[in-house]
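Shown below: run-v7.pdb, with PDB, C-alpha atoms (C1' of nucleotides).
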```
ATOM      1  CA  MET A   1     -41.175  72.841-123.835
ATOM      2  CA  PRO A   2     -37.525  73.390-124.599
ATOM      3  CA  GLU A   3     -35.961  71.757-127.581
ATOM      4  CA  LEU A   4     -33.334  73.359-129.811
ATOM      5  CA  PRO A   5     -35.562  76.100-131.294
ATOM      6  CA  ASP A   6     -36.912  77.084-127.873
ATOM      7  CA  VAL A   7     -33.465  77.202-126.306
ATOM      8  CA  GLU A   8     -32.264  79.296-129.236
ATOM      9  CA  HIS A   9     -35.153  81.645-128.521
ATOM     10  CA  PHE A  10     -34.071  81.871-124.845
ATOM     11  CA  ARG A  11     -30.487  82.466-125.932
ATOM     12  CA  ARG A  12     -31.504  85.396-128.117
ATOM     13  CA  HIS A  13     -33.726  86.779-125.382
ATOM     14  CA  LEU A  14     -30.865  86.680-122.907
ATOM     15  CA  ALA A  15     -28.415  88.159-125.418
ATOM     16  CA  GLU A  16     -30.754  91.022-126.288
ATOM     17  CA  THR A  17     -31.703  91.895-122.734
ATOM     18  CA  SER A  18     -29.017  90.887-120.277
ATOM     19  CA  LEU A  19     -25.501  90.888-121.732
ATOM     20  CA  GLY A  20     -23.213  93.505-120.242
ATOM     21  CA  ARG A  21     -25.427  94.267-117.251
ATOM     22  CA  SER A  22     -23.769  94.072-113.863
ATOM     23  CA  ILE A  23     -25.192  91.303-111.658
ATOM     24  CA  GLU A  24     -25.835  92.866-108.284
ATOM     25  CA  ASP A  25     -27.480  89.939-106.560
ATOM     26  CA  VAL A  26     -28.765  86.412-107.119
ATOM     27  CA  THR A  27     -32.118  85.493-105.599
ATOM     28  CA  ILE A  28     -32.514  81.758-105.072
ATOM     29  CA  ARG A  29     -36.131  80.730-104.612
ATOM     30  CA  ASN A  30     -35.549  77.031-104.983
ATOM     31  CA  ALA A  31     -32.111  75.444-104.860
ATOM     32  CA  LYS A  32     -33.330  72.202-106.416
ATOM     33  CA  VAL A  33     -32.412  73.434-109.864
ATOM     34  CA  LEU A  34     -28.860  74.199-108.803
ATOM     35  CA  ALA A  35     -25.957  71.866-109.545
ATOM     36  CA  LEU A  36     -23.879  73.686-106.916
ATOM     37  CA  PRO A  37     -24.613  75.225-103.513
ATOM     38  CA  GLY A  38     -26.482  78.491-103.682
ATOM     39  CA  THR A  39     -23.732  80.333-101.856
ATOM     40  CA  ARG A  40     -21.264  79.307-104.536
ATOM     41  CA  LEU A  41     -23.565  80.352-107.339
ATOM     42  CA  ARG A  42     -23.938  83.737-105.694
ATOM     43  CA  GLN A  43     -20.186  84.063-105.240
ATOM     44  CA  ALA A  44     -19.635  83.150-108.884
ATOM     45  CA  LEU A  45     -22.100  85.699-110.211
ATOM     46  CA  GLN A  46     -22.155  88.724-107.926
ATOM     47  CA  GLY A  47     -20.427  91.677-109.500
ATOM     48  CA  ARG A  48     -19.968  89.847-112.794
ATOM     49  CA  ARG A  49     -21.350  90.610-116.232
ATOM     50  CA  MET A  50     -22.390  88.133-118.879
ATOM     51  CA  THR A  51     -20.411  88.708-122.043
ATOM     52  CA  ARG A  52     -21.342  86.065-124.610
ATOM     53  CA  THR A  53     -23.885  83.333-125.290
ATOM     54  CA  ARG A  54     -23.586  79.958-126.945
ATOM     55  CA  ARG A  55     -26.031  77.168-127.485
ATOM     56  CA  HIS A  56     -25.258  73.494-127.952
ATOM     57  CA  GLY A  57     -28.362  71.427-128.521
ATOM     58  CA  LYS A  58     -30.701  72.134-125.614
ATOM     59  CA  GLN A  59     -27.886  73.512-123.473
ATOM     60  CA  LEU A  60     -27.480  77.275-123.117
ATOM     61  CA  LEU A  61     -23.998  78.473-122.183
ATOM     62  CA  VAL A  62     -23.272  82.016-121.060
ATOM     63  CA  GLU A  63     -19.756  83.337-120.629
ATOM     64  CA  LEU A  64     -18.968  85.590-117.685
ATOM     65  CA  ASP A  65     -16.447  88.405-117.678
ATOM     66  CA  ASP A  66     -14.031  86.285-115.637
ATOM     67  CA  GLY A  67     -13.959  83.575-118.312
ATOM     68  CA  ARG A  68     -16.146  81.095-116.487
ATOM     69  CA  TRP A  69     -19.492  79.979-117.856
ATOM     70  CA  LEU A  70     -23.030  79.589-116.676
ATOM     71  CA  ALA A  71     -24.614  76.409-118.065
ATOM     72  CA  LEU A  72     -28.421  76.361-118.231
ATOM     73  CA  ARG A  73     -30.522  73.299-118.955
ATOM     74  CA  PHE A  74     -34.279  73.757-119.113
ATOM     75  CA  GLY A  75     -35.740  70.323-118.463
ATOM     76  CA  MET A  76     -39.375  70.118-119.498
ATOM     77  CA  THR A  77     -40.753  73.371-118.164
ATOM     78  CA  GLY A  78     -37.841  75.786-117.932
ATOM     79  CA  ARG A  79     -37.650  79.204-119.577
ATOM     80  CA  LEU A  80     -35.971  82.574-119.239
ATOM     81  CA  LEU A  81     -37.688  85.872-118.741
ATOM     82  CA  HIS A  82     -36.135  89.312-118.491
ATOM     83  CA  PHE A  83     -38.310  91.943-116.813
ATOM     84  CA  LYS A  84     -38.093  95.288-115.080
ATOM     85  CA  ASP A  85     -41.249  95.522-113.002
ATOM     86  CA  ALA A  86     -41.327  93.265-109.922
ATOM     87  CA  ALA A  87     -44.972  92.511-110.717
ATOM     88  CA  ASP A  88     -43.797  90.634-113.798
ATOM     89  CA  ASP A  89     -41.783  88.152-111.753
ATOM     90  CA  PRO A  90     -43.111  84.799-113.001
ATOM     91  CA  ALA A  91     -44.878  82.424-110.605
ATOM     92  CA  TYR A  92     -42.352  79.622-110.917
ATOM     93  CA  ASP A  93     -39.282  81.796-110.750
ATOM     94  CA  ARG A  94     -36.587  79.543-109.201
ATOM     95  CA  VAL A  95     -33.451  81.618-109.593
ATOM     96  CA  ARG A  96     -33.295  85.279-110.466
ATOM     97  CA  LEU A  97     -30.401  87.477-111.452
ATOM     98  CA  ASP A  98     -30.922  90.999-110.161
ATOM     99  CA  PHE A  99     -29.052  93.539-112.242
ATOM    100  CA  ALA A 100     -27.624  96.810-110.965
ATOM    101  CA  ASP A 101     -29.922  98.743-113.307
ATOM    102  CA  GLY A 102     -32.984  97.336-111.532
ATOM    103  CA  SER A 103     -33.984  94.799-114.164
ATOM    104  CA  HIS A 104     -34.056  91.040-113.611
ATOM    105  CA  LEU A 105     -33.546  87.772-115.451
ATOM    106  CA  ALA A 106     -35.655  84.895-114.113
ATOM    107  CA  PHE A 107     -35.016  81.197-114.590
ATOM    108  CA  GLU A 108     -38.555  79.928-114.385
ATOM    109  CA  ASP A 109     -39.134  76.190-114.064
ATOM    110  CA  ARG A 110     -42.417  74.794-112.783
ATOM    111  CA  ARG A 111     -41.352  71.164-112.520
ATOM    112  CA  GLN A 112     -37.813  71.896-111.397
ATOM    113  CA  LEU A 113     -36.217  69.480-113.829
ATOM    114  CA  GLY A 114     -33.864  72.124-115.199
ATOM    115  CA  ARG A 115     -30.286  72.617-113.977
ATOM    116  CA  ILE A 116     -28.009  75.594-113.479
ATOM    117  CA  ALA A 117     -24.274  74.973-113.253
ATOM    118  CA  VAL A 118     -21.123  77.069-113.247
ATOM    119  CA  ILE A 119     -18.379  75.557-115.384
ATOM    120  CA  ALA A 120     -14.809  76.444-116.252
ATOM    121  CA  ASP A 121     -14.924  75.780-119.976
ATOM    122  CA  ALA A 122     -17.771  75.352-122.439
ATOM    123  CA  ASP A 123     -16.048  72.917-124.789
ATOM    124  CA  ASP A 124     -14.898  70.708-121.924
ATOM    125  CA  PHE A 125     -18.419  70.717-120.559
ATOM    126  CA  ILE A 126     -19.901  69.633-123.901
ATOM    127  CA  ARG A 127     -17.380  66.783-124.032
ATOM    128  CA  GLN A 128     -18.102  65.728-120.468
ATOM    129  CA  GLN A 129     -21.818  65.661-121.193
ATOM    130  CA  LYS A 130     -21.022  63.475-124.229
ATOM    131  CA  LEU A 131     -23.173  65.697-126.427
ATOM    132  CA  GLY A 132     -23.113  65.041-130.136
ATOM    133  CA  PRO A 133     -22.856  67.925-132.620
ATOM    134  CA  ASP A 134     -25.575  70.540-132.460
ATOM    135  CA  ALA A 135     -28.288  69.641-134.962
ATOM    136  CA  LEU A 136     -27.870  73.020-136.693
ATOM    137  CA  ASP A 137     -24.054  73.102-136.550
ATOM    138  CA  SER A 138     -22.737  74.352-139.894
ATOM    139  CA  LYS A 139     -20.090  71.622-139.783
ATOM    140  CA  LEU A 140     -22.746  68.926-139.566
ATOM    141  CA  ASP A 141     -23.206  68.323-143.287
ATOM    142  CA  ALA A 142     -25.121  65.520-144.969
ATOM    143  CA  ALA A 143     -22.077  63.252-145.052
ATOM    144  CA  ALA A 144     -21.328  63.692-141.349
ATOM    145  CA  PHE A 145     -24.960  63.220-140.394
ATOM    146  CA  THR A 146     -25.286  60.090-142.510
ATOM    147  CA  ALA A 147     -22.102  58.643-141.041
ATOM    148  CA  LEU A 148     -23.403  59.162-137.502
ATOM    149  CA  PHE A 149     -26.749  57.565-138.225
ATOM    150  CA  ALA A 150     -25.414  54.737-140.374
ATOM    151  CA  ALA A 151     -23.674  53.320-137.299
ATOM    152  CA  ASN A 152     -26.823  53.447-135.155
ATOM    153  CA  ARG A 153     -29.007  50.447-134.421
ATOM    154  CA  ALA A 154     -31.907  52.145-132.684
ATOM    155  CA  THR A 155     -35.281  53.198-134.054
ATOM    156  CA  ALA A 156     -35.397  56.428-136.039
ATOM    157  CA  LYS A 157     -37.192  58.318-133.261
ATOM    158  CA  ALA A 158     -34.850  57.114-130.523
ATOM    159  CA  ALA A 159     -31.826  57.988-132.677
ATOM    160  CA  LEU A 160     -33.064  61.520-133.382
ATOM    161  CA  MET A 161     -33.649  62.072-129.664
ATOM    162  CA  ASP A 162     -30.257  60.616-128.663
ATOM    163  CA  GLN A 163     -28.340  63.705-127.521
ATOM    164  CA  THR A 164     -25.013  61.872-127.793
ATOM    165  CA  LEU A 165     -25.624  61.334-131.513
ATOM    166  CA  VAL A 166     -26.969  64.765-132.468
ATOM    167  CA  SER A 167     -27.953  67.402-129.894
ATOM    168  CA  GLY A 168     -31.099  69.446-129.684
ATOM    169  CA  ILE A 169     -33.992  67.248-130.815
ATOM    170  CA  GLY A 170     -36.635  66.078-128.329
ATOM    171  CA  ASN A 171     -39.957  64.298-128.467
ATOM    172  CA  ILE A 172     -41.933  66.943-130.317
ATOM    173  CA  PHE A 173     -39.459  67.833-133.036
ATOM    174  CA  SER A 174     -38.466  64.211-133.630
ATOM    175  CA  ASP A 175     -42.125  63.549-134.471
ATOM    176  CA  GLU A 176     -42.226  66.599-136.728
ATOM    177  CA  ILE A 177     -39.065  65.646-138.592
ATOM    178  CA  LEU A 178     -40.114  62.031-139.123
ATOM    179  CA  PHE A 179     -43.566  63.122-140.275
ATOM    180  CA  GLN A 180     -42.122  65.475-142.867
ATOM    181  CA  ALA A 181     -39.549  62.926-143.972
ATOM    182  CA  GLY A 182     -42.212  60.227-144.392
ATOM    183  CA  ILE A 183     -40.345  57.893-142.037
ATOM    184  CA  HIS A 184     -42.097  55.789-139.419
ATOM    185  CA  PRO A 185     -40.834  56.522-135.878
ATOM    186  CA  GLN A 186     -40.173  52.829-135.281
ATOM    187  CA  ALA A 187     -38.171  52.396-138.485
ATOM    188  CA  GLN A 188     -34.838  50.789-137.765
ATOM    189  CA  VAL A 189     -32.135  53.307-138.687
ATOM    190  CA  LYS A 190     -29.978  50.565-140.147
ATOM    191  CA  ALA A 191     -32.803  49.670-142.542
ATOM    192  CA  LEU A 192     -32.880  53.192-144.026
ATOM    193  CA  ASP A 193     -31.049  53.632-147.312
ATOM    194  CA  ARG A 194     -28.793  56.524-148.285
ATOM    195  CA  ALA A 195     -31.615  58.467-149.871
ATOM    196  CA  ASP A 196     -33.709  58.106-146.701
ATOM    197  CA  LEU A 197     -30.851  59.313-144.496
ATOM    198  CA  ALA A 198     -30.128  62.213-146.835
ATOM    199  CA  ARG A 199     -33.783  63.229-146.680
ATOM    200  CA  LEU A 200     -33.808  62.823-142.918
ATOM    201  CA  TYR A 201     -30.847  65.206-142.765
ATOM    202  CA  ARG A 202     -32.435  67.814-145.021
ATOM    203  CA  THR A 203     -35.729  67.582-143.172
ATOM    204  CA  THR A 204     -34.044  67.901-139.766
ATOM    205  CA  ARG A 205     -32.300  71.085-140.831
ATOM    206  CA  LYS A 206     -35.338  72.551-142.544
ATOM    207  CA  VAL A 207     -37.737  71.877-139.668
ATOM    208  CA  LEU A 208     -35.380  73.251-137.019
ATOM    209  CA  GLN A 209     -34.463  76.300-139.103
ATOM    210  CA  ILE A 210     -38.105  77.152-139.690
ATOM    211  CA  ALA A 211     -38.912  76.714-135.990
ATOM    212  CA  VAL A 212     -35.972  78.914-134.998
ATOM    213  CA  ALA A 213     -37.038  81.579-137.497
ATOM    214  CA  ARG A 214     -40.538  81.522-136.026
ATOM    215  CA  GLY A 215     -39.302  81.892-132.481
ATOM    216  CA  GLY A 216     -39.464  78.422-130.943
ATOM    217  CA  GLY A 217     -42.434  76.250-131.376
ATOM    218  CA  SER A 218     -42.757  73.183-129.203
ATOM    219  CA  GLU A 219     -45.549  74.707-127.141
ATOM    220  CA  GLU A 220     -46.830  78.264-127.276
ATOM    221  CA  GLY A 221     -44.966  78.777-130.502
ATOM    222  CA  ALA A 222     -46.710  75.824-132.103
ATOM    223  CA  ASP A 223     -49.321  78.016-133.721
ATOM    224  CA  LYS A 224     -46.548  80.046-135.325
ATOM    225  CA  LEU A 225     -45.407  77.007-137.290
ATOM    226  CA  PRO A 226     -46.399  76.534-140.928
ATOM    227  CA  LYS A 227     -49.749  74.940-141.758
ATOM    228  CA  GLY A 228     -48.161  71.758-143.055
ATOM    229  CA  PHE A 229     -46.539  70.992-139.701
ATOM    230  CA  LEU A 230     -47.681  68.182-137.438
ATOM    231  CA  THR A 231     -46.709  69.895-134.160
ATOM    232  CA  PRO A 232     -49.793  72.138-133.852
ATOM    233  CA  ARG A 233     -51.935  68.991-134.269
ATOM    234  CA  ARG A 234     -50.800  67.100-131.201
ATOM    235  CA  GLU A 235     -54.314  67.128-129.845
ATOM    236  CA  ALA A 236     -57.659  65.364-129.701
ATOM    237  CA  GLY A 237     -59.258  64.475-132.982
ATOM    238  CA  ALA A 238     -56.385  65.849-134.996
ATOM    239  CA  ARG A 239     -56.249  65.458-138.767
ATOM    240  CA  CYS A 240     -53.107  65.019-140.811
ATOM    241  CA  PRO A 241     -52.335  68.302-142.603
ATOM    242  CA  HIS A 242     -51.338  66.332-145.725
ATOM    243  CA  CYS A 243     -53.858  63.529-146.147
ATOM    244  CA  ARG A 244     -56.548  64.572-143.632
ATOM    245  CA  GLY A 245     -56.371  61.124-142.050
ATOM    246  CA  ARG A 246     -56.360  60.666-138.289
ATOM    247  CA  ILE A 247     -53.187  61.358-136.373
ATOM    248  CA  GLU A 248     -52.323  58.346-134.228
ATOM    249  CA  THR A 249     -50.153  57.864-131.165
ATOM    250  CA  LEU A 250     -47.680  55.172-130.321
ATOM    251  CA  LYS A 251     -45.926  54.606-127.031
ATOM    252  CA  PHE A 252     -42.361  53.349-127.033
ATOM    253  CA  SER A 253     -38.975  54.341-125.672
ATOM    254  CA  GLY A 254     -40.909  55.816-122.768
ATOM    255  CA  ARG A 255     -42.473  58.522-124.916
ATOM    256  CA  THR A 256     -45.618  59.163-126.887
ATOM    257  CA  ALA A 257     -45.057  59.522-130.605
ATOM    258  CA  TYR A 258     -47.600  61.264-132.820
ATOM    259  CA  LEU A 259     -47.677  60.107-136.405
ATOM    260  CA  CYS A 260     -49.733  59.758-139.565
ATOM    261  CA  PRO A 261     -49.251  56.116-140.608
ATOM    262  CA  PRO A 262     -50.315  56.536-144.266
ATOM    263  CA  CYS A 263     -47.831  59.406-144.640
ATOM    264  CA  GLN A 264     -45.013  57.668-142.760
ATOM    265  CA  THR A 265     -44.630  54.298-144.410
ATOM    266  CA  ILE A 266     -40.845  54.117-144.645
ATOM    267  CA  GLY A 267     -39.627  51.471-142.238
ATOM    268  CA  ALA A 268     -43.080  50.897-140.755
ATOM    269  CA  PRO A 269     -43.254  47.672-138.723
ATOM    270  CA  ARG A 270     -45.846  45.178-139.973
ATOM    271  CA  SER A 271     -47.655  44.998-136.653
ATOM    272  CA  ARG A 272     -48.125  48.754-136.648
ATOM    273  CA  SER A 273     -51.884  48.814-137.120
ATOM    274  CA  ARG A 274     -52.447  46.758-133.979
ATOM    275  CA  ARG A 275     -50.309  48.961-131.827
ATOM    276  CA  THR A 276     -51.401  52.427-132.767
ATOM    277  CA  LYS A 277     -54.519  54.175-131.670
ATOM    278  CA  ALA A 278     -56.234  57.324-132.770
ATOM    279  CA  ALA A 279     -54.928  60.400-131.005
ATOM    280  CA  ARG A 280     -57.106  61.315-128.066
TER     281      ARG A 280
ATOM    282  C1'  DT B 281     -59.163  61.334-108.255
ATOM    283  C1'  DT B 282     -56.447  59.673-111.866
ATOM    284  C1'  DC B 283     -53.686  60.116-115.729
ATOM    285  C1'  DC B 284     -50.498  62.510-118.423
ATOM    286  C1'  DA B 285     -46.789  65.745-119.730
ATOM    287  C1'  DT B 286     -41.920  68.898-124.220
ATOM    288  C1'  DG B 287     -36.263  66.140-120.285
ATOM    289  C1'  DT B 288     -32.562  63.542-117.971
ATOM    290  C1'  DT B 289     -30.720  59.794-115.450
ATOM    291  C1'  DC B 290     -30.416  55.384-113.453
ATOM    292  C1'  DC B 291     -31.418  50.455-113.030
ATOM    293  C1'  DG B 292     -32.283  45.929-114.722
ATOM    294  C1'  DC B 293     -32.837  43.020-118.539
ATOM    295  C1'  DA B 294     -32.089  41.007-123.140
TER     296       DA B 294
ATOM    297  C1'  DT C 295     -21.952  46.700-125.853
ATOM    298  C1'  DT C 296     -26.187  48.535-127.069
ATOM    299  C1'  DG C 297     -30.860  49.468-126.713
ATOM    300  C1'  DC C 298     -35.042  49.508-124.333
ATOM    301  C1'  DG C 299     -38.701  49.699-120.732
ATOM    302  C1'  DG C 300     -39.737  51.549-116.535
ATOM    303  C1'  DA C 301     -39.184  54.432-112.712
ATOM    304  C1'  DA C 302     -37.981  58.614-110.455
ATOM    305  C1'  DC C 303     -37.755  63.518-110.230
ATOM    306  C1'  DA C 304     -41.927  67.599-108.942
ATOM    307  C1'  DT C 305     -45.842  69.884-110.300
ATOM    308  C1'  DG C 306     -50.034  71.210-112.408
ATOM    309  C1'  DG C 307     -53.590  70.720-116.066
ATOM    310  C1'  DA C 308     -57.305  68.067-118.076
TER     311       DA C 308
END
```
Show the structure stored in the file as C-alpha cells.
Amino acid sequence: MPELPDVEHFRRHLAETSLGRSIEDVTIRNAKVLALPGTRLRQALQGRRMTRTRRHGKQLLVELDDGRWLALRFGMTGRLLHFKDAADDPAYDRVRLDFADGSHLAFEDRRQLGRIAVIADADDFIRQQKLGPDALDSKLDAAAFTALFAANRATAKAALMDQTLVSGIGNIFSDEILFQAGIHPQAQVKALDRADLARLYRTTRKVLQIAVARGGGSEEGADKLPKGFLTPRREAGARCPHCRGRIETLKFSGRTAYLCPPCQTIGAPRSRSRRTKAAR
DNA sequence: TTCCATGTTCCGCA
DNA sequence: TTGCGGAACATGGA
C-alpha cells in the first residue's frame, strides 16, 4: 500500500496522536521488521517522547527528545495505527509503542517487509540510503526535475519508481502519473522532449498532491480519488475513465503496469499491441 | 492448489 | 556503468 501519499497520511496520523506522549514500553511481536536487536530498540525508546516528524519519499522519520530518530519504512503492507482500547490492537501488529497515558501506536505489517531503525541523523540517513529528492519537495522545481530525468536512460515507469532519482513514487502512482500525462510506461525517458518532461513534472506534482489531500489512495483510499483517475480501476474488466476503452496490463521491470494504450501514445513501443493484454 | 500482490535488495547478464 | 529480469523475503486473498 504505502507510497508517498500513504506515508504522508501515516505521518499526519502519528503527529496528531502520538507526539509528546511518554513511551513507557515497547512491545515486540515480531523482530523481523527490526533493523536492530529488540533490546536496543527498547533501550532507545523507553522513557522517550517523539517530538517531530519528517517524511522523505516513502520513509517516515520521527525525532526523539534525545535528538535521535526513528526511521520507519512500510514495505508493501505496513501501516500505523494509534488506539486506546486493547481490543483495537490490529491483527498484524509487529511492534507497538505503549504510552504512559495508556494509548498505543502499532506498526502493523502483514508481510513483514517493512523496517524499523534507530538512526543518529535524518539527513545522513537519507544520504546513506541514496534517496533522491522527495517528489513533493518545494525545491524540486520543473528545471530540477527535468535535469534529473534528462540524464536517465531507463523507461519512464522505471525512472519514476527509481527512489534514487526522485523519492516516493511506487508501482501504483507511477501508473497513475503516466496515464494522466499520456506517456506510455515503456517510453524511453531520453526520447521524451522538454514539453513531455515538463508535463510529467506537473502531472507528478498534481497527482501526488491530490492523493495527499484525499488521505492516501493506493489501496483503501483509491475510492477517494477523483473520477478521472486510473488507480480505482486496477481491476477486472476495467474501462478507461477518459476513452472508455479497456485498461490493459504489461509486465516489465518485475512489475505489472496498468495502462490505457490509446490514451498513452507518447513513446509507445511499436510492438506494444502484441505484448499487452486486457486487464483481468 | 496455484497464482498474484502496493516494496526493497541482491545476483547475474547484456 | 547502467539497466533489467528474476528471485527472495513472508503472508494472505482470490
Inset, instruction - Run the PyMOL selection byres ((chain A) within 10 of (chain B)) mentally over the shown coordinates, then write out the matched residues as number ranges by chain, using the chain letters and numbers from the document. - result: A: 1-3, 58, 73-77, 113-114, 170-173, 218-219, 255-256
Legend entry - Reference answer for the PyMOL selection byres ((chain C) within 7 of (chain A)), as a list in words: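 Evaluating the PyMOL selection byres ((chain C) within 7 of (chain A)) on this file yields DG297, DC298, DG299, DA304 and DT305 of chain C.
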Inset, instruction - Write out as a ChimeraX atom specification the residues lying within 10 Å of region 90-93 of chain A, counting only C-alpha atoms (C1' of nucleotides) and excluding same-chain residues fewer than 3 positions away. - result: /A:27-30,77-83,86-87,96,105-112
Inset, instruction - Record the distance separating CA of Pro5 (chain A) and CA of Cys260 (chain A), expressed in Å with one decimal. - result: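 These atoms are spaced 23.2 Å apart.
Using only C-alpha atoms (C1' of nucleotides), the residues found no farther than 10 Å from Lys206 (chain A), other than those of its own chain fewer than 5 positions away, are Leu136, Ile177, Gln180, Leu200, Tyr201, Ala211 and Val212 of chain A.
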Result set, the PyMOL selection byres ((chain A and resi 13) around 12) on current file, as a JSON list (two decimals) with C-alpha atoms, in the frame of the given file:
```json
[["chain", "number", "residue", "atom", "x", "y", "z"],
["A", 6, "ASP", "CA", -36.91, 77.08, -127.87],
["A", 7, "VAL", "CA", -33.47, 77.20, -126.31],
["A", 8, "GLU", "CA", -32.26, 79.30, -129.24],
["A", 9, "HIS", "CA", -35.15, 81.64, -128.52],
["A", 10, "PHE", "CA", -34.07, 81.87, -124.84],
["A", 11, "ARG", "CA", -30.49, 82.47, -125.93],
["A", 12, "ARG", "CA", -31.50, 85.40, -128.12],
["A", 14, "LEU", "CA", -30.86, 86.68, -122.91],
["A", 15, "ALA", "CA", -28.42, 88.16, -125.42],
["A", 16, "GLU", "CA", -30.75, 91.02, -126.29],
["A", 17, "THR", "CA", -31.70, 91.90, -122.73],
["A", 18, "SER", "CA", -29.02, 90.89, -120.28],
["A", 19, "LEU", "CA", -25.50, 90.89, -121.73],
["A", 53, "THR", "CA", -23.88, 83.33, -125.29],
["A", 60, "LEU", "CA", -27.48, 77.28, -123.12],
["A", 79, "ARG", "CA", -37.65, 79.20, -119.58],
["A", 80, "LEU", "CA", -35.97, 82.57, -119.24],
["A", 81, "LEU", "CA", -37.69, 85.87, -118.74],
["A", 82, "HIS", "CA", -36.14, 89.31, -118.49],
["A", 83, "PHE", "CA", -38.31, 91.94, -116.81],
["A", 105, "LEU", "CA", -33.55, 87.77, -115.45],
["A", 106, "ALA", "CA", -35.66, 84.90, -114.11],
["A", 215, "GLY", "CA", -39.30, 81.89, -132.48],
["A", 216, "GLY", "CA", -39.46, 78.42, -130.94]]
```
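The gap separating CA of Asp162 (chain A) from CA of Leu36 (chain A) is 26.2 Å, in Å to one decimal.
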Legend entry - Computed interatomic separation between CA of Pro269 (chain A) and CA of Lys251 (chain A) (Å):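 Result for CA of Pro269 (chain A) versus CA of Lys251 (chain A): 13.9 Å, one decimal.
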Inset, instruction - Could you tell me which of A:Ala135, A:Leu41, A:Val33, A:Leu4 comes closest to DC303 (chain C) if we count all atoms listed in the file? - result: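 Closest to DC303 (chain C) of all the choices is A:Val33.
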